[in-house]
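S.K.: Pasting a structure here, questions to come.
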Amino acid sequence: MTDLAVLLFVLSALGLVHVFVGYPLWVVALARWRPRPVQRCAWTPRVTAVLAVHDGAAHVRAKLEGLLALDYPPELLDIVVACDGCRDDSAALCRQLGDARIRVLEFAERRGKAACINDAVAAARGEVLLLTDVRQRLEPDALRQLVANLGDPRVGAVGGQLRLFDAQTGFARGIDAYWRYETLIRASESRSGSVIGVSGALYAMRRELFRPLPPGTVLDDVLVPMQVAAAGWRVVYEPAAVAWDGSTQQPHEEQRRKIRTLAGNYQLVQLAPWLLLPWRNPLWFRFVSHKLLRLLAPWLLLALALSAALLATRHALFAATALALLAALAAVVAGRLLPALGRHLPVRLLTAFCYLNLFAAQALLAFARNRRLHLW
């Protein structure tokens, strides 16, 4: 039993170190010592912006006005809006703008984002697709910044940077810090080759590379880039192309969205099992390290805690690990009970880490209970 506990401790510790420290350090070092620069150039192809909307009346008018105001030749930009079983006046608001560049596809039955994207792309006229979500605001030069990367004949898709604003609470600041950590990893993946995912808020790709998404796909912003990479093209990250989104201030506000996104990773493997095959997936190591092992992190933490507790009397290392985990949990609880304490950097980072791993654990249970993720 002792040998098994030691093995469990070692494996879980190594897994956690690889996920949160080892892989990020490896990709940062690779980006520094073996960079693969993108040959950006001024290029203005015809672009179709694709927008899937479900009950988006609160945001859709401002979103379309922002797209129409992008710093891009108006005659080279059109927009296809797919209204997915909207029960509000989203479609009417789109038409009220009275701009011939906007085409509205209205579907009576809600089918999910993937089906809408497929239909919108089929109606697209541009040689480049701009995919974006309804809620986020884009900087005026965002499209130009993305397209400049597609001027490199080796680049098939490019993602922009999602930036958060209005982080008022300790939890929101912790999530913002986590997102900056995630952004560093994406930027390093890009500089050293390809990213494994982009932000659904803002990305562009060559239309010829788009493959229809399987029905119900939740993570188009992961599957599409992986398909592009599997076809032999680079997928890069452009930090100068910015989309803005508001911060979630409390864990319960982030919970539903995060669980759905994380559960989408399980669905992704179900829909595209080739992602697990090193000879089919050229980004296999990055995909496993950045995506799949993140899903295992809460279970690795649980295994580490249990094995450390069982071995605490055997060696100071195990006792110190158990005490450190207990102290981290106590700090998170104290930070939730005492908001003033929760604003301190170590506590807010621990709080964000704890909740994100809790959501990852809940995602597995959510996916097991409900496979119709796309209609959440």
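Residue numbering restarts at 1 in every chain; chains get A, B, ... in the order shown in the structure tokens, and ligands count up from 1 in that same order.
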Find the residues near Leu301 of chain A: any atom within 9 Å, counting only C-alpha atoms, skip ones fewer than 5 places away on the same chain, and give them as a PDB file with C-alpha atoms, in the first residue's frame.
M.R.:
ATOM      1  CA  SER A  12       0.386  13.113  -9.773  1.00  0.00           C
ATOM      2  CA  ALA A  13       3.133  15.580  -8.805  1.00  0.00           C
ATOM      3  CA  LEU A  16       0.808  18.746 -12.284  1.00  0.00           C
ATOM      4  CA  LEU A 296      -6.943  15.775 -15.451  1.00  0.00           C
ATOM      5  CA  LEU A 306      -4.720  11.722  -0.691  1.00  0.00           C
ATOM      6  CA  LEU A 325      -2.423  21.935   0.077  1.00  0.00           C
ATOM      7  CA  ASN A 357     -10.000  23.163 -11.296  1.00  0.00           C
TER       8      ASN A 357
END
S.K.: DSSP says alpha helix (DSSP H) for which residues of segment 14-186 of chain A? Put them as a PyMOL selection string?
M.R.: chain A and resi 14-17+23-33+60-68+90-96+113-122+142-150+170-186
S.K.: Can you list every residue of segment 244-341 of chain A that has an atom at most 12 Å from segment 208-213 of chain A, with its nearest atom pair and the distance in Å to one decimal, using only C-alpha atoms, ordered by chain then number, as CSV?
M.R.:
residue,atom,partner,partner_atom,distance
A:Leu268,CA,A:Leu213,CA,10.9
A:Leu271,CA,A:Leu213,CA,9.6
A:Ala272,CA,A:Leu213,CA,10.3
S.K.: What lies within 12 Å of Leu184 of chain A using only C-alpha atoms, ignoring chain neighbours under 3 positions off, as a compact mmCIF listing (two decimals) with C-alpha atoms, in the first residue's frame?
M.R.:
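The resulting file, part25.txt, is reproduced below:
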# COMPACT_ATOMS: atom_id res chain seq x y z
CA TYR A 23 4.96 22.66 -20.70
CA PRO A 24 4.66 26.47 -20.43
CA LEU A 25 8.43 26.78 -19.80
CA VAL A 27 7.08 26.33 -25.19
CA VAL A 28 8.38 29.72 -23.97
CA ALA A 29 11.96 28.49 -24.37
CA ALA A 31 9.71 30.40 -28.89
CA GLN A 161 -6.30 38.57 -28.35
CA ALA A 177 -4.12 36.91 -14.16
CA TYR A 178 -4.91 33.36 -15.32
CA TRP A 179 -5.91 34.70 -18.74
CA ARG A 180 -2.61 36.57 -19.05
CA TYR A 181 -0.82 33.30 -18.21
CA ALA A 187 1.82 33.59 -27.89
CA SER A 188 4.75 31.22 -27.34
CA GLU A 189 2.99 28.41 -29.21
CA SER A 190 2.46 30.79 -32.09
CA ARG A 191 6.05 32.05 -32.20
CA VAL A 195 -1.39 27.41 -31.40
CA TYR A 237 -1.77 34.32 -32.66
CA GLU A 238 -1.91 38.07 -33.29
CA PRO A 239 -1.88 40.11 -30.04
S.K.: Considering only C-alpha atoms, state which residue in the set A:Glu65, A:Asp220, A:Asp84, A:Asp176 is at the smallest distance from Leu131 of chain A.
M.R.: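 Of A:Glu65, A:Asp220, A:Asp84, A:Asp176, the one nearest Leu131 of chain A is A:Asp220, counting only C-alpha atoms.
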S.K.: If you count only C-alpha atoms, which residues fall within 9 Å of Leu292 of chain A, apart from same-chain ones fewer than 4 positions away, as number ranges by chain?
M.R.: A: 265-266, 287-288, 296
S.K.: Go ahead and dump the residues you just picked, C-alpha atoms, as a PDB file, in the first residue's frame.
M.R.:
ATOM      1  CA  ASN A 265     -13.013  19.319 -24.677  1.00  0.00           C
ATOM      2  CA  TYR A 266     -14.433  15.906 -23.851  1.00  0.00           C
ATOM      3  CA  PHE A 287      -2.854  19.319 -27.624  1.00  0.00           C
ATOM      4  CA  VAL A 288      -2.325  16.715 -24.908  1.00  0.00           C
ATOM      5  CA  LEU A 296      -6.943  15.775 -15.451  1.00  0.00           C
TER       6      LEU A 296
END
S.K.: So which residues touch Glu106 of chain A within 7 Å, counting only C-alpha atoms, skipping near sequence neighbours fewer than 3 positions away, as a list in words?
M.R.: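 Surrounding residues, per the criterion: Ala82, Cys83, Asp84 and Ala91 of chain A.
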S.K.: Could you save the residues just selected, with C-alpha atoms, as a PDB file, in the first residue's frame?
M.R.:
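Full text of again.pdb as output:
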ATOM      1  CA  ALA A  82     -27.210  33.339 -38.500  1.00  0.00           C
ATOM      2  CA  CYS A  83     -30.036  33.690 -35.987  1.00  0.00           C
ATOM      3  CA  ASP A  84     -30.326  30.387 -34.157  1.00  0.00           C
ATOM      4  CA  ALA A  91     -33.110  39.278 -36.681  1.00  0.00           C
TER       5      ALA A  91
END
S.K.: List the spatial neighbours of Ala308 of chain A as a PyMOL selection string - criterion: any atom at most 7 Å away, only C-alpha atoms, same-chain residues fewer than 5 positions off excluded.
M.R.: chain A and resi 9+318-319+321-322
S.K.: For the selection you just gave me, I'd like the residues written to a file as a PDB file, in the first residue's frame, keeping C-alpha atoms.
M.R.:
ATOM      1  CA  PHE A   9       2.255  10.823  -5.264  1.00  0.00           C
ATOM      2  CA  PHE A 318       4.803  14.272   2.154  1.00  0.00           C
ATOM      3  CA  ALA A 319       3.823  16.114   5.332  1.00  0.00           C
ATOM      4  CA  THR A 321       2.887  18.770   0.684  1.00  0.00           C
ATOM      5  CA  ALA A 322      -0.236  17.879   2.668  1.00  0.00           C
TER       6      ALA A 322
END
S.K.: By how many Å are atom CA of Leu4 of chain A and atom CA of Arg286 of chain A apart?
M.R.: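 Interatomic distance, atom CA of Leu4 of chain A to atom CA of Arg286 of chain A: 29.4 Å.
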S.K.: Can you pull out every residue within 6 Å of segment 41-51 of chain A, counting only C-alpha atoms, but drop anything in the same chain fewer than 4 positions away, and send it as JSON, numbers by chain?
M.R.: {"A": [76, 77, 78, 79, 80, 81, 124, 126, 127, 128, 129, 130, 131, 132, 148, 151]}
S.K.: Write down as a PyMOL selection string the residues belonging to segment 27-156 of chain A that are assigned strand (DSSP E) by DSSP computed on the backbone.
M.R.: chain A and resi 47-53+77-84+102-107+128-132+137-138+155-156
S.K.: Atom CA of Ala172 of chain A and atom CA of Gln250 of chain A, how far apart in Å?
M.R.: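 Distance reported for this atom pair: 6.8 Å.
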